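Chemist: File my_file.pdb follows (PDB, C-alpha atoms):
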```pdb
ATOM      1  CA  MET C   1      17.573  -2.458   8.328
ATOM      2  CA  LYS C   2      13.962  -3.521   8.843
ATOM      3  CA  ILE C   3      11.569  -2.610   6.030
ATOM      4  CA  MET C   4       7.809  -3.092   5.673
ATOM      5  CA  VAL C   5       6.569  -3.407   2.072
ATOM      6  CA  SER C   6       3.316  -3.825   0.203
ATOM      7  CA  ALA C   7       3.110  -7.581  -0.435
ATOM      8  CA  CYS C   8       2.287  -7.068  -4.124
ATOM      9  CA  LEU C   9       5.707  -5.431  -4.568
ATOM     10  CA  ALA C  10       7.346  -8.600  -3.231
ATOM     11  CA  GLY C  11       5.537 -10.622  -5.902
ATOM     12  CA  LYS C  12       2.575 -11.836  -3.863
ATOM     13  CA  ASN C  13      -0.561 -12.140  -6.003
ATOM     14  CA  CYS C  14      -2.775  -9.931  -3.857
ATOM     15  CA  LYS C  15      -3.760  -7.091  -6.225
ATOM     16  CA  TYR C  16      -7.426  -6.490  -6.938
ATOM     17  CA  ASN C  17      -7.024  -8.340 -10.265
ATOM     18  CA  GLY C  18      -5.248 -11.333  -8.734
ATOM     19  CA  GLY C  19      -1.814 -10.268  -9.961
ATOM     20  CA  ASN C  20       1.129  -8.497  -8.355
ATOM     21  CA  ASN C  21       3.392  -5.476  -8.788
ATOM     22  CA  GLN C  22       6.701  -7.304  -8.310
ATOM     23  CA  ASN C  23       9.487  -4.745  -8.150
ATOM     24  CA  GLU C  24      13.181  -5.498  -8.669
ATOM     25  CA  ASN C  25      14.296  -2.937  -6.069
ATOM     26  CA  VAL C  26      12.006  -4.525  -3.495
ATOM     27  CA  LEU C  27      13.345  -7.982  -4.363
ATOM     28  CA  GLN C  28      16.844  -6.602  -3.751
ATOM     29  CA  LEU C  29      15.711  -5.292  -0.359
ATOM     30  CA  ILE C  30      14.277  -8.701   0.520
ATOM     31  CA  ALA C  31      17.638 -10.287  -0.256
ATOM     32  CA  GLU C  32      19.595  -7.764   1.815
ATOM     33  CA  HIS C  33      17.347  -6.695   4.710
ATOM     34  CA  GLU C  34      14.689  -7.900   7.098
ATOM     35  CA  VAL C  35      11.412  -7.354   5.256
ATOM     36  CA  ILE C  36       7.835  -7.548   6.529
ATOM     37  CA  THR C  37       5.173  -7.834   3.811
ATOM     38  CA  VAL C  38       1.613  -6.582   4.269
ATOM     39  CA  CYS C  39      -1.484  -6.327   2.100
ATOM     40  CA  PRO C  40      -3.927  -3.997   3.872
ATOM     41  CA  GLU C  41      -6.820  -4.951   1.612
ATOM     42  CA  GLN C  42      -6.484  -8.671   2.317
ATOM     43  CA  MET C  43      -5.803  -7.946   5.995
ATOM     44  CA  GLY C  44      -9.091  -6.028   6.076
ATOM     45  CA  GLY C  45     -10.948  -9.110   4.857
ATOM     46  CA  LEU C  46     -11.263  -8.410   1.132
ATOM     47  CA  PRO C  47     -10.826 -11.313  -1.297
ATOM     48  CA  THR C  48      -8.377 -11.611  -4.175
ATOM     49  CA  PRO C  49      -9.351 -10.989  -6.868
ATOM     50  CA  ARG C  50     -11.804  -8.218  -5.994
ATOM     51  CA  ILE C  51     -13.639  -5.396  -7.704
ATOM     52  CA  PRO C  52     -11.396  -2.300  -8.040
ATOM     53  CA  SER C  53     -11.856   0.373  -5.390
ATOM     54  CA  GLU C  54     -11.138   4.079  -5.184
ATOM     55  CA  ILE C  55     -11.658   6.770  -2.567
ATOM     56  CA  CYS C  56     -14.811   8.724  -3.421
ATOM     57  CA  ASN C  57     -15.500  11.771  -1.232
ATOM     58  CA  GLY C  58     -13.401  10.305   1.583
ATOM     59  CA  VAL C  59     -15.032   6.854   1.456
ATOM     60  CA  VAL C  60     -13.568   3.780  -0.246
ATOM     61  CA  MET C  61     -16.063   2.438  -2.777
ATOM     62  CA  THR C  62     -15.890  -0.360  -5.335
ATOM     63  CA  LYS C  63     -16.401   0.349  -9.008
ATOM     64  CA  ASP C  64     -19.853  -1.248  -8.746
ATOM     65  CA  GLY C  65     -20.859   1.064  -5.877
ATOM     66  CA  ARG C  66     -20.270  -1.100  -2.791
ATOM     67  CA  ASN C  67     -18.881   0.627   0.315
ATOM     68  CA  VAL C  68     -15.656  -1.138   1.412
ATOM     69  CA  ASP C  69     -14.369   1.677   3.604
ATOM     70  CA  LYS C  70     -14.612  -0.438   6.767
ATOM     71  CA  GLU C  71     -12.439  -3.178   5.272
ATOM     72  CA  PHE C  72      -9.825  -0.701   4.018
ATOM     73  CA  ARG C  73      -9.640   1.037   7.393
ATOM     74  CA  LEU C  74      -9.453  -2.282   9.268
ATOM     75  CA  GLY C  75      -6.542  -3.352   7.046
ATOM     76  CA  ALA C  76      -4.830  -0.002   7.633
ATOM     77  CA  ALA C  77      -5.248  -0.392  11.395
ATOM     78  CA  LYS C  78      -3.745  -3.883  11.248
ATOM     79  CA  CYS C  79      -0.756  -2.523   9.287
ATOM     80  CA  LEU C  80      -0.300   0.192  11.897
ATOM     81  CA  GLU C  81      -0.408  -2.443  14.637
ATOM     82  CA  ILE C  82       2.337  -4.428  12.866
ATOM     83  CA  ALA C  83       4.404  -1.284  12.300
ATOM     84  CA  ARG C  84       4.141  -0.316  15.967
ATOM     85  CA  ARG C  85       5.206  -3.805  17.022
ATOM     86  CA  GLU C  86       7.981  -4.296  14.455
ATOM     87  CA  ARG C  87       9.261  -0.688  14.274
ATOM     88  CA  PRO C  88      10.429  -0.746  10.624
ATOM     89  CA  ASP C  89      13.059   1.781   9.596
ATOM     90  CA  LEU C  90      11.226   2.357   6.315
ATOM     91  CA  ILE C  91       7.853   1.475   4.824
ATOM     92  CA  VAL C  92       7.629   1.060   1.027
ATOM     93  CA  LEU C  93       4.144   1.139  -0.467
ATOM     94  CA  GLN C  94       2.591   0.705  -3.921
ATOM     95  CA  SER C  95       1.939   3.823  -5.959
ATOM     96  CA  ARG C  96      -1.553   5.216  -6.523
ATOM     97  CA  SER C  97      -3.394   2.544  -4.512
ATOM     98  CA  PRO C  98      -6.451   3.532  -2.438
ATOM     99  CA  SER C  99      -4.678   1.749   0.433
ATOM    100  CA  CYS C 100      -0.997   2.265  -0.196
ATOM    101  CA  GLY C 101      -0.617   5.290  -2.457
ATOM    102  CA  VAL C 102       1.791   7.700  -0.781
ATOM    103  CA  LYS C 103       1.815  10.798  -3.005
ATOM    104  CA  GLN C 104      -1.123  10.197  -5.322
ATOM    105  CA  ARG C 105      -4.178   8.027  -5.651
ATOM    106  CA  TYR C 106      -6.909   7.564  -8.196
ATOM    107  CA  ASP C 107      -9.557  10.279  -7.926
ATOM    108  CA  GLY C 108     -12.656   8.163  -7.279
ATOM    109  CA  THR C 109     -14.136   8.377 -10.770
ATOM    110  CA  PHE C 110     -12.599   5.109 -12.035
ATOM    111  CA  SER C 111     -11.366   7.034 -15.078
ATOM    112  CA  GLY C 112      -7.644   6.623 -14.404
ATOM    113  CA  ALA C 113      -7.334  10.251 -13.280
ATOM    114  CA  LEU C 114      -5.021  10.930 -10.348
ATOM    115  CA  LEU C 115      -5.064  13.439  -7.530
ATOM    116  CA  GLU C 116      -2.549  14.397  -4.890
ATOM    117  CA  GLY C 117      -3.001  12.619  -1.586
ATOM    118  CA  ALA C 118      -2.342   9.358   0.160
ATOM    119  CA  GLY C 119      -4.366   6.184   0.417
ATOM    120  CA  VAL C 120      -5.947   5.003   3.667
ATOM    121  CA  THR C 121      -3.001   2.925   4.939
ATOM    122  CA  ALA C 122      -0.315   5.368   3.850
ATOM    123  CA  GLN C 123      -2.165   8.240   5.562
ATOM    124  CA  LEU C 124      -2.455   6.342   8.832
ATOM    125  CA  LEU C 125       1.201   5.273   8.874
ATOM    126  CA  ILE C 126       2.431   8.777   8.027
ATOM    127  CA  LYS C 127       0.141  10.322  10.663
ATOM    128  CA  ASN C 128       1.697   7.986  13.227
ATOM    129  CA  GLY C 129       5.234   9.085  12.422
ATOM    130  CA  PHE C 130       6.517   6.269  10.208
ATOM    131  CA  GLN C 131       8.844   6.982   7.292
ATOM    132  CA  VAL C 132       6.738   5.959   4.293
ATOM    133  CA  VAL C 133       7.958   6.059   0.711
ATOM    134  CA  ASP C 134       6.319   5.421  -2.631
ATOM    135  CA  VAL C 135       8.036   2.523  -4.405
ATOM    136  CA  GLU C 136       8.691   4.820  -7.372
ATOM    137  CA  ASP C 137      10.879   6.991  -5.088
ATOM    138  CA  LEU C 138      12.687   4.125  -3.352
ATOM    139  CA  SER C 139      16.055   4.689  -5.029
ATOM    140  CA  ASP C 140      16.059   8.264  -3.657
ATOM    141  CA  PHE C 141      15.934   6.859  -0.108
ATOM    142  CA  LEU C 142      18.287   3.900  -0.514
ATOM    143  CA  PRO C 143      21.413   4.505  -2.597
ATOM    144  CA  GLY C 144      22.538   1.569  -4.694
ATOM    145  CA  LEU C 145      19.081   0.719  -6.009
ATOM    146  CA  SER C 146      18.269   1.357  -9.650
TER     147      SER C 146
END
```
So that I can check it, write out the structure of this file as structure tokens.
Modeler:
Amino acid sequence: MKIMVSACLAGKNCKYNGGNNQNENVLQLIAEHEVITVCPEQMGGLPTPRIPSEICNGVVMTKDGRNVDKEFRLGAAKCLEIARRERPDLIVLQSRSPSCGVKQRYDGTFSGALLEGAGVTAQLLIKNGFQVVDVEDLSDFLPGLS
């Protein structure tokens, strides 16, 4: 099986704060399947570390008020390009991210509040017919994972 995953889940230090979201289930997938890692925010030209961003009224903004929507959408488009070329069977993305959140994302107030809805990259991949799953739901899609 070919799987595309958010690079932070594979242990790559690409989160906004310079860290990662390494996930044991994703590490198991890497050991057992062909895995393609992507970080839409880095692919869109944003540095690591970077100021946190959230979607505010449909536009991705940093906590200090800078518009980074173009970079987020460029990264999403590059992920879509890779997905179209590689044709992954499944795409596993990081929860709640303004790029990768599948079911929920932060609400744009930088208060930690969540709302239903996908991030920029997740939305684009879903719209284009890819099977996208939130890492928190991965074991529901692949039996044998904890």
Chemist: For the provided coordinates, the residues matched by the PyMOL selection byres ((chain C and resi 7) around 10) should be stated as a list in words.
Modeler: Met4, Val5, Ser6, Cys8, Leu9, Ala10, Gly11, Lys12, Asn13, Cys14, Lys15, Asn20, Asn21, Gln22, Val26, Ile36, Thr37, Val38, Cys39, Pro40, Val92, Leu93 and Gln94 of chain C
Chemist: Measuring between all atoms listed in the file, which one of C:Leu145, C:Leu115, C:Met43, C:Ile51 shows the shortest distance to Tyr16 in chain C?
Modeler: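 Under the stated criterion, the closest residue is C:Ile51.
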Chemist: For Ser111 in chain C, which residue out of C:Glu86, C:Glu136, C:Asp64, C:Glu54 is the nearest one, using all atoms listed in the file?
Modeler: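 With all atoms listed in the file as the atom set, the closest residue is C:Glu54.
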Chemist: Rank C:Gly75, C:Pro47, C:Pro88, C:Gly65 by their smallest atom-to-atom distance to Val132 in chain C, using only C-alpha atoms, and report the top residue only.
Modeler: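 The shortest atom-to-atom distance to Val132 in chain C comes from C:Pro88.
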Chemist: Calculated over all atoms listed in the file, which of the candidates C:Gly117, C:Pro49, C:Ser95, C:Cys100 has the smallest distance to Asn17 in chain C?
Modeler: C:Pro49
Chemist: N, CA and C atoms are needed for range 49-70 of chain C; please write them out as a compact mmCIF listing (two decimals), in the frame of the given file.
Modeler:
```
# COMPACT_ATOMS: atom_id res chain seq x y z
N PRO C 49 -9.17 -12.35 -6.35
CA PRO C 49 -9.35 -10.99 -6.87
C PRO C 49 -10.58 -10.31 -6.25
N ARG C 50 -10.68 -9.01 -6.52
CA ARG C 50 -11.80 -8.22 -5.99
C ARG C 50 -12.10 -7.08 -6.97
N ILE C 51 -13.25 -6.52 -6.84
CA ILE C 51 -13.64 -5.40 -7.70
C ILE C 51 -12.76 -4.19 -7.34
N PRO C 52 -12.24 -3.46 -8.34
CA PRO C 52 -11.40 -2.30 -8.04
C PRO C 52 -12.12 -1.30 -7.15
N SER C 53 -11.33 -0.63 -6.31
CA SER C 53 -11.86 0.37 -5.39
C SER C 53 -11.09 1.67 -5.53
N GLU C 54 -11.76 2.76 -5.24
CA GLU C 54 -11.14 4.08 -5.18
C GLU C 54 -11.80 4.86 -4.06
N ILE C 55 -11.11 5.90 -3.61
CA ILE C 55 -11.66 6.77 -2.57
C ILE C 55 -12.54 7.82 -3.24
N CYS C 56 -13.82 7.80 -2.87
CA CYS C 56 -14.81 8.72 -3.42
C CYS C 56 -15.34 9.59 -2.28
N ASN C 57 -15.04 10.87 -2.30
CA ASN C 57 -15.50 11.77 -1.23
C ASN C 57 -15.13 11.25 0.15
N GLY C 58 -13.91 10.75 0.29
CA GLY C 58 -13.40 10.30 1.58
C GLY C 58 -13.80 8.90 1.98
N VAL C 59 -14.56 8.20 1.15
CA VAL C 59 -15.03 6.85 1.46
C VAL C 59 -14.56 5.91 0.36
N VAL C 60 -14.04 4.74 0.75
CA VAL C 60 -13.57 3.78 -0.25
C VAL C 60 -14.76 3.00 -0.77
N MET C 61 -14.94 3.08 -2.11
CA MET C 61 -16.06 2.44 -2.78
C MET C 61 -15.54 1.56 -3.91
N THR C 62 -16.25 0.47 -4.18
CA THR C 62 -15.89 -0.36 -5.34
C THR C 62 -16.46 0.27 -6.60
N LYS C 63 -15.95 -0.17 -7.72
CA LYS C 63 -16.40 0.35 -9.01
C LYS C 63 -17.89 0.11 -9.22
N ASP C 64 -18.42 -0.97 -8.61
CA ASP C 64 -19.85 -1.25 -8.75
C ASP C 64 -20.70 -0.62 -7.63
N GLY C 65 -20.08 0.29 -6.84
CA GLY C 65 -20.86 1.06 -5.88
C GLY C 65 -20.96 0.52 -4.47
N ARG C 66 -20.22 -0.53 -4.14
CA ARG C 66 -20.27 -1.10 -2.79
C ARG C 66 -19.28 -0.37 -1.88
N ASN C 67 -19.72 -0.04 -0.67
CA ASN C 67 -18.88 0.63 0.32
C ASN C 67 -17.96 -0.40 0.98
N VAL C 68 -16.64 -0.25 0.80
CA VAL C 68 -15.66 -1.14 1.41
C VAL C 68 -14.72 -0.35 2.33
N ASP C 69 -15.18 0.81 2.76
CA ASP C 69 -14.37 1.68 3.60
C ASP C 69 -13.97 0.98 4.91
N LYS C 70 -14.90 0.25 5.50
CA LYS C 70 -14.61 -0.44 6.77
C LYS C 70 -13.46 -1.42 6.60
```
